[in-house]
Amino acid sequence: MSKFSFELAATDGKARTGLISTPRGDIRTPAFMPVGTAATVKAMLPESVAATGADILLGNTYHLMLRPTAERIDRLGGLHKFMNWQKPILTDSGGFQVMSLAGLRKMSEEGVKFSSHIDGSKHMLTPERSMEIQKLLGSDIVMCFDECPALPASEEEVAASMRMSMRWAQRSRDAFGDRPGHALFGIQQGGVTQELRAESAEKLREIGFEGYAVGGLAVGEGQEAMFGVLDYAPDMLPEDKPRYLMGVGKPDDIVGAVARGIDMMDCVLPSRSGRTGQLFTRKGVVNIKNARHADDPRPLDEACSCPACRNYSRAYLHHVFRAQEMISGMLLTWHNLQYYQDLMQGMRDAIAAGTFAEFQKTFHEERANGDI
Ligand SMILES: CNc1nc2cc(C(N)=O)ccc2[nH]1
Ligand SMILES: [Zn+2]
């Protein structure tokens, strides 16, 4: 069984490029993880997700524990076999989604009691149960069970929440046990308060993890506040371990996060937007629903290698979206995921070549405002 390791290959300013090696394959960083919530990246076959260049995808503990349950996936050979994705999988802890999706929640030091949003059944998530679920799923990178405070929150509330998350981080570490080739990532909390972020980072370093996430962001604080935290928070985390920014983001969020030292990100935006007709291109966002595309014979993005851009016109993509044909979600999701992976590849190349500043300049210059 080979081990889990991270090698930095090059840096350019605070931007970094490297490789995470796992028994199930390597992850080129900076990396974007498509979200495969219910054991599927919606509207995509796993081989199509791999074809976009994704080295790893994210699975959601909250959804899978409710349906089909982690025990059933384990009996069927684990999540990789179940969903036919043999590359690495990172699973979140369920903590974030239980607070945003479940009903009748009761928080305590022990964990969170809640009712399923699917059938109202009663469940309990604790650091120990979250580790057990993620182990049953067989994920390669496991996230600590934590609490991501919802905004608005006072500094006192953020401090108390962060300190509970740090106690939960210790319990997660203790329950994770010794699993060669698998990684447990700690999650830094502390809102937008530098002293609290530092306290959290110190506690996580003390416990010791194979990787470190910056949590508590992309919860409505806005890009300026998020970048303000990212100007100092990643540097508080061990330099030789992967740094994962949770739930981010729009393309310009991603470029700004990589510029501030982030190595991994995940977001539902490219897949969710694909289904709603919001398409990311090198020149900005195209809303394919707009009538002006009805007769446009051009490809969506002539620089893109995805099936939507190689084989179809904007007129066709407009038509199948308006008709809500199934092929629409397939083609538009594929395009957006391809765009995100091409963006990551462009950044990895630029950092390796020492031209990341030029990459950022071109990225911002190319993007017109609004629809194109
Ligand atoms: C979509 N935004 C987002 N922020 C997140 C924060 C966390 C966290 N654990 O702090 C997890 C998932 C998140 N997703
Ligand atoms: Zn495309």
# chains A, B, ... in the order shown; residues from 1 in each chain; ligands from 1
call {"tool": "residues_around", "arguments": {"residues": "Phe185 of chain A", "least_positions_apart": "4", "cutoff": "10 Å", "atoms": "only C-alpha atoms", "output": "PyMOL selection string"}}
result
chain A and resi 90+92+141-145+169+172-173+204+208-213+241-244
call {"tool": "residues_near_ligand", "arguments": {"ligand": "ligand 2", "cutoff": "9 Å", "atoms": "only C-alpha atoms and all ligand atoms", "output": "list of chain:residue names"}}
result
A:Leu279, A:Phe280, A:Thr281, A:Pro299, A:Leu300, A:Asp301, A:Glu302, A:Ala303, A:Cys304, A:Ser305, A:Cys306, A:Pro307, A:Ala308, A:Cys309, A:Arg310, A:Leu331, A:Leu332, A:Trp334, A:His335, A:Asn336, A:Leu337, A:Gln338, A:Tyr339
call {"tool": "residues_near_ligand", "arguments": {"ligand": "ligand 1", "cutoff": "7 Å", "atoms": "only C-alpha atoms and all ligand atoms", "output": "number ranges by chain"}}
result
A: 95-96, 146-148, 187, 189, 214-219, 246-248, 267
call {"tool": "residues_around", "arguments": {"residues": "Met326 of chain A", "least_positions_apart": "2", "cutoff": "12 Å", "atoms": "only C-alpha atoms", "output": "VMD selection string"}}
result
chain A and resid 42 to 44 274 to 275 317 319 to 324 328 to 333
call {"tool": "atom_distance", "arguments": {"atom1": "atom CA of Ala183 of chain A", "atom2": "atom CA of Glu202 of chain A"}}
result
19.3 Å
call {"tool": "closest_residue", "arguments": {"among": "A:Val49, A:Ala315, A:Ile372, A:Leu66", "to": "Val285 of chain A", "atoms": "only C-alpha atoms"}}
result
A:Ile372
call {"tool": "select_by_dssp", "arguments": {"residues": "segment 13-170 of chain A", "states": "strand (DSSP E or B)", "output": "MDAnalysis selection string"}}
result
chainID A and resid 15:22 25:29 31:33 35 57:59 89:91 103:107 112:115 122:125 141:143
call {"tool": "residues_around", "arguments": {"residues": "Glu71 of chain A", "least_positions_apart": "6", "cutoff": "9 Å", "atoms": "only C-alpha atoms", "output": "PyMOL selection string"}}
result
chain A and resi 65+133+136-137
call {"tool": "write_last_selection", "arguments": {"atoms": "C-alpha atoms", "output": "CSV table (one decimal), in the first residue's frame"}}
result
chain,number,residue,atom,x,y,z
A,65,MET,CA,-25.4,8.5,4.9
A,133,ILE,CA,-19.2,6.9,7.7
A,136,LEU,CA,-17.3,2.9,5.3
A,137,LEU,CA,-17.4,4.9,2.1
